[in-house]
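Here's data_28.csv, which has CSV, C-alpha atoms:
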chain,number,residue,atom,x,y,z
A,1,MET,CA,126.3,79.5,56.4
A,2,TYR,CA,123.6,77.8,54.2
A,3,LYS,CA,121.7,76.9,57.4
A,4,ALA,CA,122.0,80.5,58.7
A,5,ILE,CA,120.7,81.9,55.4
A,6,THR,CA,117.8,79.4,55.3
A,7,LYS,CA,116.9,80.3,58.9
A,8,LEU,CA,116.8,84.0,58.1
A,9,LYS,CA,114.7,83.5,55.0
A,10,GLN,CA,112.2,81.4,57.0
A,11,SER,CA,112.1,84.1,59.7
A,12,SER,CA,111.4,86.7,57.0
A,13,THR,CA,108.5,84.7,55.6
A,14,PHE,CA,107.1,84.2,59.1
A,15,PHE,CA,107.2,87.9,60.0
A,16,ALA,CA,105.6,88.9,56.7
A,17,PHE,CA,102.8,86.3,57.3
A,18,THR,CA,102.1,87.6,60.7
A,19,PHE,CA,102.3,91.3,59.6
A,20,SER,CA,104.8,92.0,62.3
A,21,LEU,CA,105.7,95.7,62.6
A,22,PHE,CA,109.3,94.9,63.3
A,23,THR,CA,111.0,92.5,61.0
A,24,LEU,CA,114.4,91.7,59.8
A,25,VAL,CA,115.5,90.4,56.4
A,26,SER,CA,119.1,89.8,55.6
A,27,THR,CA,120.6,88.9,52.3
A,28,THR,CA,123.6,86.7,51.8
A,29,SER,CA,126.8,88.1,53.3
A,30,THR,CA,128.6,88.6,50.1
A,31,ALA,CA,130.5,91.8,49.4
A,32,LYS,CA,128.6,94.9,48.4
A,33,GLU,CA,125.2,93.3,49.0
A,34,ALA,CA,122.5,95.2,51.0
A,35,LEU,CA,121.1,94.6,54.4
A,36,LEU,CA,117.4,95.0,54.4
A,37,LEU,CA,115.6,96.1,57.6
A,38,THR,CA,111.9,96.6,58.2
A,39,GLY,CA,111.2,99.2,60.9
A,40,GLN,CA,108.5,101.3,62.3
A,41,ILE,CA,107.9,105.0,62.6
A,42,LYS,CA,108.1,106.1,66.2
A,43,ALA,CA,107.7,109.5,68.0
A,44,ALA,CA,110.2,110.7,70.5
A,45,ASP,CA,107.5,112.2,72.8
A,46,ASN,CA,104.4,110.1,73.5
A,47,GLN,CA,101.7,109.8,76.1
A,48,THR,CA,101.7,106.1,76.8
A,49,PHE,CA,98.8,104.3,78.5
A,50,TYR,CA,99.7,101.4,80.8
A,51,ALA,CA,97.7,98.7,82.6
A,52,PRO,CA,97.2,99.9,86.2
A,53,LYS,CA,98.1,97.9,89.3
A,54,THR,CA,95.2,96.1,91.0
A,55,ASP,CA,94.7,93.6,93.8
A,56,ASN,CA,94.8,90.9,91.1
A,57,TRP,CA,97.8,90.3,88.8
A,58,GLN,CA,95.5,90.9,85.8
A,59,VAL,CA,93.0,93.5,84.8
A,60,GLN,CA,90.5,93.4,82.0
A,61,LEU,CA,90.4,96.0,79.3
A,62,GLN,CA,86.8,97.2,79.2
A,63,TRP,CA,86.7,100.0,76.6
A,64,MET,CA,89.0,101.9,74.3
A,65,ILE,CA,88.6,104.7,71.8
A,66,PRO,CA,88.9,103.2,68.2
A,67,GLU,CA,92.4,103.0,66.9
A,68,GLY,CA,93.3,105.8,64.6
A,69,ASP,CA,90.7,108.2,66.0
A,70,ILE,CA,91.9,111.6,67.0
A,71,ALA,CA,91.7,112.1,70.8
A,72,LYS,CA,91.4,115.6,72.1
A,73,LYS,CA,93.0,116.7,75.3
A,74,GLY,CA,90.8,115.6,78.2
A,75,ASP,CA,89.0,112.9,76.2
A,76,LEU,CA,88.5,109.5,77.8
A,77,VAL,CA,90.8,107.0,76.0
A,78,VAL,CA,91.0,103.8,78.0
A,79,VAL,CA,88.7,102.2,80.6
A,80,PHE,CA,89.7,99.1,82.6
A,81,ASP,CA,87.3,96.9,84.5
A,82,SER,CA,86.8,98.4,88.0
A,83,GLY,CA,84.0,96.1,89.3
A,84,ASN,CA,86.0,94.8,92.2
A,85,ILE,CA,87.2,98.2,93.2
A,86,GLN,CA,83.7,99.7,93.1
A,87,THR,CA,82.5,96.8,95.3
A,88,THR,CA,85.3,97.5,97.7
A,89,ILE,CA,84.5,101.2,97.7
A,90,GLU,CA,80.8,100.5,98.5
A,91,GLN,CA,81.8,98.2,101.3
A,92,ASN,CA,84.2,100.8,102.7
A,93,GLU,CA,81.5,103.5,102.5
A,94,VAL,CA,79.2,101.3,104.5
A,95,SER,CA,82.0,100.6,107.0
A,96,LEU,CA,82.7,104.3,107.3
A,97,ILE,CA,79.1,105.1,108.1
A,98,ALA,CA,79.0,102.3,110.7
A,99,ALA,CA,82.3,103.5,112.2
A,100,GLN,CA,81.0,107.1,112.5
A,101,GLU,CA,77.8,105.8,114.1
A,102,GLU,CA,79.8,103.8,116.5
A,103,LEU,CA,81.8,106.9,117.5
A,104,HIS,CA,78.5,108.7,118.2
A,105,ARG,CA,77.4,105.8,120.4
A,106,ILE,CA,80.7,105.8,122.2
A,107,ASN,CA,80.5,109.5,122.9
A,108,SER,CA,76.9,109.1,124.2
A,109,ASP,CA,77.9,106.1,126.4
A,110,ASN,CA,81.0,107.9,127.6
A,111,GLY,CA,79.0,111.0,128.5
A,112,GLN,CA,76.6,108.9,130.6
A,113,LYS,CA,79.5,107.1,132.3
A,114,LEU,CA,81.3,110.4,133.0
A,115,LEU,CA,78.2,111.9,134.5
A,116,GLU,CA,77.7,108.9,136.8
A,117,ALA,CA,81.4,109.0,137.8
A,118,ILE,CA,81.3,112.7,138.5
A,119,TYR,CA,78.1,112.3,140.6
A,120,ALA,CA,79.6,109.5,142.5
A,121,GLU,CA,82.8,111.5,143.3
A,122,LYS,CA,80.8,114.5,144.4
A,123,ARG,CA,78.6,112.4,146.6
A,124,LYS,CA,81.6,110.7,148.2
A,125,ALA,CA,83.1,114.1,148.7
A,126,LEU,CA,80.0,115.3,150.6
A,127,LEU,CA,79.9,112.2,152.7
A,128,LEU,CA,83.6,112.8,153.5
A,129,GLN,CA,82.9,116.3,154.5
A,130,LYS,CA,80.0,115.2,156.8
A,131,ALA,CA,82.2,112.5,158.3
A,132,ARG,CA,84.9,115.0,159.1
A,133,ILE,CA,82.3,117.2,160.8
A,134,ASP,CA,81.0,114.3,162.9
A,135,SER,CA,84.4,113.1,163.8
A,136,SER,CA,85.4,116.6,165.0
A,137,ILE,CA,82.9,116.4,167.8
A,138,SER,CA,84.7,115.9,171.1
A,139,VAL,CA,84.3,112.8,173.1
A,140,LYS,CA,83.1,114.9,176.0
A,141,HIS,CA,79.8,115.5,174.1
A,142,LEU,CA,79.4,111.9,172.9
A,143,SER,CA,79.5,108.5,174.2
A,144,ARG,CA,82.6,106.5,173.6
A,145,TYR,CA,80.7,104.3,171.2
A,146,ASP,CA,79.4,107.2,169.0
A,147,PHE,CA,82.8,108.9,169.0
A,148,GLU,CA,84.6,105.7,167.8
A,149,LYS,CA,81.8,105.2,165.3
A,150,HIS,CA,82.3,108.7,163.8
A,151,GLN,CA,86.1,108.1,163.6
A,152,LEU,CA,85.5,104.8,161.7
A,153,GLU,CA,83.0,106.4,159.3
A,154,LEU,CA,85.6,109.1,158.6
A,155,GLU,CA,88.2,106.5,157.6
A,156,ARG,CA,85.6,104.7,155.4
A,157,ALA,CA,84.6,108.1,153.8
A,158,VAL,CA,88.2,108.9,153.0
A,159,VAL,CA,88.7,105.5,151.4
A,160,SER,CA,85.4,105.7,149.5
A,161,HIS,CA,86.2,109.2,148.2
A,162,ALA,CA,89.7,108.1,147.1
A,163,LYS,CA,88.1,105.2,145.2
A,164,ALA,CA,85.5,107.5,143.6
A,165,THR,CA,88.2,109.9,142.5
A,166,GLU,CA,90.3,107.1,141.0
A,167,GLU,CA,87.2,105.7,139.2
A,168,LEU,CA,86.5,109.1,137.8
A,169,LYS,CA,90.1,109.3,136.4
A,170,GLN,CA,89.7,105.8,134.9
A,171,VAL,CA,86.4,106.7,133.3
A,172,LYS,CA,88.0,109.8,131.7
A,173,THR,CA,90.9,107.7,130.5
A,174,ALA,CA,88.8,104.9,129.2
A,175,ASN,CA,86.5,107.3,127.4
A,176,GLN,CA,89.5,109.0,125.8
A,177,VAL,CA,91.0,105.7,124.7
A,178,ALA,CA,87.7,104.4,123.3
A,179,ILE,CA,87.2,107.7,121.3
A,180,THR,CA,90.8,107.7,120.0
A,181,LYS,CA,90.6,104.0,118.9
A,182,GLN,CA,87.3,104.7,117.1
A,183,LYS,CA,88.7,107.8,115.4
A,184,LEU,CA,91.7,105.7,114.3
A,185,THR,CA,89.3,103.1,112.9
A,186,ILE,CA,87.5,105.8,111.0
A,187,GLU,CA,90.8,107.2,109.7
A,188,ASN,CA,91.8,103.8,108.5
A,189,VAL,CA,88.5,103.3,106.7
A,190,GLN,CA,88.8,106.7,105.2
A,191,TYR,CA,92.4,106.0,104.0
A,192,LYS,CA,91.2,102.7,102.4
A,193,LEU,CA,88.3,104.5,100.7
A,194,GLN,CA,90.6,107.3,99.4
A,195,TYR,CA,93.1,104.7,98.2
A,196,ASP,CA,90.4,102.8,96.3
A,197,LEU,CA,89.0,106.1,94.9
A,198,GLN,CA,92.4,106.9,93.5
A,199,ARG,CA,92.7,103.4,92.1
A,200,LEU,CA,89.3,103.8,90.5
A,201,ASP,CA,90.5,107.0,88.9
A,202,LYS,CA,93.4,105.1,87.3
A,203,MET,CA,90.9,102.7,85.7
A,204,SER,CA,89.9,105.5,83.4
A,205,ILE,CA,92.7,107.2,81.6
A,206,TYR,CA,92.3,110.5,79.7
A,207,ALA,CA,94.3,112.1,77.0
A,208,GLN,CA,96.8,114.8,78.1
A,209,ARG,CA,97.3,115.9,74.5
A,210,SER,CA,95.6,115.8,71.1
A,211,GLY,CA,96.6,113.2,68.6
A,212,PRO,CA,95.8,109.8,67.0
A,213,VAL,CA,95.4,106.8,69.3
A,214,LEU,CA,97.6,103.8,68.5
A,215,TYR,CA,97.0,100.4,70.1
A,216,GLY,CA,99.9,98.6,71.7
A,217,THR,CA,100.8,94.9,71.2
A,218,HIS,CA,100.7,91.9,73.4
A,219,PRO,CA,104.3,91.4,74.8
A,220,TRP,CA,104.1,87.7,74.4
A,221,ASN,CA,102.4,87.0,71.0
A,222,GLY,CA,102.6,90.4,69.3
A,223,GLU,CA,98.9,90.6,68.7
A,224,LYS,CA,97.2,94.0,68.8
A,225,VAL,CA,95.6,95.0,72.1
A,226,PHE,CA,91.8,94.6,72.0
A,227,VAL,CA,88.8,95.3,74.1
A,228,GLY,CA,88.0,92.4,76.5
A,229,MET,CA,91.6,91.1,76.8
A,230,THR,CA,93.3,90.8,80.2
A,231,ALA,CA,96.5,92.6,80.8
A,232,GLN,CA,99.1,92.6,83.5
A,233,HIS,CA,100.4,95.5,85.4
A,234,SER,CA,102.6,98.0,83.4
A,235,TRP,CA,101.7,96.4,80.0
A,236,GLU,CA,101.6,99.1,77.3
A,237,ILE,CA,98.0,99.4,76.1
A,238,ALA,CA,97.9,102.4,73.8
A,239,GLU,CA,99.7,105.6,73.1
A,240,ILE,CA,99.1,109.1,71.7
A,241,PRO,CA,102.3,110.0,69.8
A,242,SER,CA,103.6,113.5,69.2
A,243,MET,CA,103.8,114.4,65.5
A,244,LYS,CA,107.2,116.0,66.1
A,245,GLU,CA,110.6,114.3,66.2
A,246,LEU,CA,109.6,111.2,64.3
A,247,TYR,CA,112.3,108.5,63.8
A,248,ILE,CA,112.4,104.9,62.6
A,249,GLU,CA,113.1,102.0,65.0
A,250,ALA,CA,114.4,98.8,63.5
A,251,TRP,CA,115.8,95.6,65.1
A,252,VAL,CA,119.0,94.1,63.8
A,253,HIS,CA,119.8,90.4,64.3
A,254,GLU,CA,122.9,89.5,66.3
A,255,VAL,CA,124.4,87.9,63.2
A,256,ASP,CA,124.2,91.2,61.2
A,257,TYR,CA,125.2,93.5,64.1
A,258,LYS,CA,128.8,93.6,63.1
A,259,TYR,CA,127.8,95.0,59.7
A,260,ILE,CA,126.4,98.3,61.0
A,261,LYS,CA,127.9,101.4,62.5
A,262,LEU,CA,126.7,104.8,63.5
A,263,ASP,CA,126.2,107.3,60.7
A,264,ASN,CA,125.5,104.6,58.1
A,265,LEU,CA,123.2,105.9,55.4
A,266,ALA,CA,120.2,103.8,54.2
A,267,LYS,CA,117.7,104.0,51.4
A,268,LEU,CA,114.3,104.6,52.9
A,269,LYS,CA,110.8,103.7,51.6
A,270,PHE,CA,107.5,103.8,53.4
A,271,ASP,CA,105.0,101.0,52.8
A,272,ALA,CA,102.3,103.6,52.6
A,273,PHE,CA,104.2,105.6,50.0
A,274,PRO,CA,106.1,103.1,47.9
A,275,THR,CA,106.9,105.5,45.0
A,276,TYR,CA,108.8,107.9,47.3
A,277,ASN,CA,112.5,107.4,48.1
A,278,PHE,CA,114.3,109.0,51.0
A,279,THR,CA,117.5,108.7,52.9
A,280,ALA,CA,117.9,107.8,56.6
A,281,LYS,CA,120.9,107.9,58.9
A,282,LEU,CA,121.7,105.5,61.7
A,283,ILE,CA,122.0,107.6,64.9
A,284,GLU,CA,121.7,105.1,67.7
A,285,VAL,CA,122.5,101.4,68.3
A,286,SER,CA,121.8,99.7,71.5
A,287,THR,CA,124.7,98.2,73.4
A,288,GLN,CA,122.9,95.2,74.7
A,289,PRO,CA,120.8,92.8,72.6
A,290,GLU,CA,117.2,91.9,73.6
A,291,GLU,CA,115.1,88.9,73.0
A,292,ARG,CA,112.0,89.3,70.9
A,293,LYS,CA,109.6,86.6,72.1
A,294,VAL,CA,107.4,86.9,69.0
A,295,TRP,CA,110.4,86.1,66.7
A,296,GLY,CA,111.8,83.2,68.6
A,297,ASN,CA,114.8,82.7,70.9
A,298,ASP,CA,117.3,84.9,68.9
A,299,VAL,CA,118.4,88.3,70.1
A,300,TYR,CA,118.3,91.6,68.3
A,301,TYR,CA,119.9,95.0,68.6
A,302,ARG,CA,117.6,98.1,68.6
A,303,THR,CA,118.6,100.8,66.1
A,304,ARG,CA,117.3,104.3,65.5
A,305,PHE,CA,117.3,106.2,62.2
A,306,GLU,CA,116.7,109.8,61.6
A,307,PHE,CA,115.2,111.0,58.3
A,308,LYS,CA,113.6,113.9,56.4
A,309,THR,CA,110.7,113.6,54.1
A,310,ASP,CA,108.7,115.5,51.6
A,311,GLU,CA,106.0,117.8,53.1
A,312,ASN,CA,103.5,116.5,50.6
A,313,ILE,CA,103.2,113.2,52.5
A,314,THR,CA,101.7,112.6,55.9
A,315,LEU,CA,103.4,110.2,58.2
A,316,LEU,CA,102.0,108.7,61.4
A,317,PRO,CA,103.7,106.8,64.1
A,318,GLY,CA,103.2,103.0,63.6
A,319,MET,CA,103.7,103.1,59.8
A,320,SER,CA,106.1,100.6,58.4
A,321,ALA,CA,109.3,101.4,56.6
A,322,GLN,CA,112.0,99.6,54.6
A,323,LEU,CA,115.6,100.4,55.1
A,324,GLU,CA,118.4,99.3,52.7
A,325,LEU,CA,121.9,99.6,54.0
A,326,ALA,CA,124.5,98.9,51.3
A,327,GLY,CA,128.2,99.2,50.9
A,328,ALA,CA,131.7,98.1,51.9
A,329,ASP,CA,130.8,97.1,55.4
A,330,PHE,CA,129.3,93.8,54.2
A,331,GLU,CA,132.2,91.4,53.7
Will you turn the file into structure tokens for me?
Amino acid sequence: MYKAITKLKQSSTFFAFTFSLFTLVSTTSTAKEALLLTGQIKAADNQTFYAPKTDNWQVQLQWMIPEGDIAKKGDLVVVFDSGNIQTTIEQNEVSLIAAQEELHRINSDNGQKLLEAIYAEKRKALLLQKARIDSSISVKHLSRYDFEKHQLELERAVVSHAKATEELKQVKTANQVAITKQKLTIENVQYKLQYDLQRLDKMSIYAQRSGPVLYGTHPWNGEKVFVGMTAQHSWEIAEIPSMKELYIEAWVHEVDYKYIKLDNLAKLKFDAFPTYNFTAKLIEVSTQPEERKVWGNDVYYRTRFEFKTDENITLLPGMSAQLELAGADFE
């Protein structure tokens, strides 16, 4: 028990030194003594800004509105580095122009090939017609040689016309295939361009409501998010909280979890208003503990307290609060 108490005291000193927003301080587990928790004001309804998904596993935070400033609906709040995306967009725009020019060239070449094939088919048709006329002359009016010659020319004309007709069909099919393939190429480039334009839009995030901008924290070391840092996809960068439905979030160490239960009342003080005393009620306790990497390898339970305050004080999400749970549950 002495080692456990010492460990908790050391943890408390470490959290106070690092100015962690979520800390836990536990007194000795003697009867009637209080469990002290340090929590943070949260809002039930927030607009949260997350790091977008990119081709790389990281993205650099390029610009943010200063923390604490009031953002109006429609204001630019967060900008991520989009240099690679812009380069890709420029390349796709060039590729799209080239693909459209290639389609124009294919149409021109196909038109020329089609004209040549149509001309060849019509010429062969006329030669076939002439050969049929020649071959229809009776042998009585021609020599045997000329008669046989006309018959042979008719056979050749029939074959030549059939080939010309087939070549015309092939030219039409080849032209259609070439045009279809090039149109698909254009559609593919347009799709990529549209996709990159959508990704570019996600690199700049705007406020959907008015309110103060609060920076997020690094999920590994607990440091405040800052301009120039690199973030991974889905990391929380900032948020604009709603000023309604405020509550207090606190984390309870697994050792002290058995000492709390729903509807416990706690004495409440806010660090920003130390002379004011309020009461909070425990309304939610998580069923599964979570690791808090910043605090070490121990696990903690998330708790939620509701409270009412004096209208004379102004509370903002992110402010720290101290909760004191006392009574018979601590044995």
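Compared by their closest atoms to Tyr257 of chain A, and using only C-alpha atoms, the residues A:Leu37, A:Leu316, A:Ala125, A:Val59 rank with A:Leu37 nearest.
Residues having any atom no farther than 12 Å from (83.7, 96.9, 88.0) (counting all atoms listed in the file) are Thr54, Val59, Gln60, Leu61, Gln62, Val79, Phe80, Asp81, Ser82, Gly83, Asn84, Ile85, Gln86, Thr87, Thr88, Ile89, Glu90, Arg199, Leu200, Met203 and Ser204 of chain A.
Residues within 12 Å of Lys113 of chain A, counting all atoms listed in the file and excluding same-chain residues fewer than 4 positions away, are Ile106, Asn107, Ser108, Asp109, Ala117, Ile118, Tyr119, Ala120, Glu167, Leu168, Lys169, Gln170, Val171, Lys172, Thr173, Ala174 and Asn175 of chain A.
Shortest separation to Ile65 of chain A among A:Val77, A:Met229, A:Ile97, A:Ile248 occurs at residue A:Val77, atoms counted being only C-alpha atoms.
Counting all atoms listed in the file, the residue from A:Ala164, A:Ala266, A:Val285, A:Leu35 that sits nearest to Tyr300 of chain A is A:Val285.
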Output as a tab-separated table one row per residue of segment 164-255 of chain A within 8 Å of segment 98-101 of chain A: the closest atom pair and its distance in Å to one decimal place, counting only C-alpha atoms, sorted by chain and residue number ascending.
residue	atom	partner	partner_atom	distance
A:Gln182	CA	A:Ala99	CA	7.1
A:Thr185	CA	A:Ala99	CA	7.0
A:Ile186	CA	A:Ala99	CA	5.8
* Asked: Asp69 of chain A: which residues within 8 Å, counting only C-alpha atoms, same-chain residues fewer than 2 positions away excluded, as a PyMOL selection string?
  -> chain A and resi 65-67+71+212-213
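Considering all atoms listed in the file, the residue among A:His233, A:Phe307, A:Trp295, A:Asp256 positioned nearest to Lys281 of chain A is A:Phe307.
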* Structure fact -> Across A:Asp298, A:Asp146, A:Asp196, A:Glu324, the smallest distance to Ala280 of chain A, with all atoms listed in the file counted, is shown by A:Glu324
Find the residues around Arg156 of chain A up to 10 Å (only C-alpha atoms counted), leave out those fewer than 5 positions away in its own chain, and share them as a PDB file with C-alpha atoms, in the coordinates of the input.
ATOM      1  CA  LEU A 127      79.900 112.200 152.700  1.00  0.00           C
ATOM      2  CA  LEU A 128      83.600 112.800 153.500  1.00  0.00           C
ATOM      3  CA  ALA A 131      82.200 112.500 158.300  1.00  0.00           C
ATOM      4  CA  HIS A 150      82.300 108.700 163.800  1.00  0.00           C
ATOM      5  CA  GLN A 151      86.100 108.100 163.600  1.00  0.00           C
ATOM      6  CA  HIS A 161      86.200 109.200 148.200  1.00  0.00           C
ATOM      7  CA  ALA A 162      89.700 108.100 147.100  1.00  0.00           C
TER       8      ALA A 162
END
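Going from atom CA of Pro219 of chain A over to atom CA of Ala44 of chain A, you cover 20.6 Å.
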* Asked: What is the atom CA of Ile237 of chain A-atom CA of Ala51 of chain A distance in Å, reported with one decimal?
  -> 6.5 Å
If we count only C-alpha atoms and set the cut-off at 9 Å, which residues sit around Leu282 of chain A, ignoring sequence neighbours fewer than 4 positions away in its own chain? Please answer as a tab-separated table (two decimals) with C-alpha atoms, in the coordinates of the input.
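So around_22.tsv came out as:
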chain	number	residue	atom	x	y	z
A	260	ILE	CA	126.40	98.30	61.00
A	261	LYS	CA	127.90	101.40	62.50
A	262	LEU	CA	126.70	104.80	63.50
A	263	ASP	CA	126.20	107.30	60.70
A	264	ASN	CA	125.50	104.60	58.10
A	265	LEU	CA	123.20	105.90	55.40
A	266	ALA	CA	120.20	103.80	54.20
A	303	THR	CA	118.60	100.80	66.10
A	304	ARG	CA	117.30	104.30	65.50
A	305	PHE	CA	117.30	106.20	62.20
A	306	GLU	CA	116.70	109.80	61.60
* Distance query 12 Å from (99.6, 91.6, 69.3) using only C-alpha atoms, result as a list in words -> Thr18, Phe19, Ser20, Leu21, Phe22, Tyr215, Gly216, Thr217, His218, Pro219, Trp220, Asn221, Gly222, Glu223, Lys224, Val225, Phe226, Met229, Ala231, Trp235, Glu236, Ile237, Ala238, Lys293 and Val294 of chain A
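With all atoms listed in the file as the atoms that count, the residue of A:Arg302, A:Arg105, A:Lys140, A:Lys163 with the shortest distance to Lys122 of chain A is A:Lys163.
As for atom CA of Ala250 of chain A and atom CA of Thr38 of chain A, they are spaced 6.3 Å apart.
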* To do: Name all residues at most 8 Å from Arg209 of chain A (count only C-alpha atoms; drop same-chain ones fewer than 2 positions away) and give them as JSON, numbers by chain.
  => {"A": [47, 71, 72, 73, 74, 207, 211, 240]}
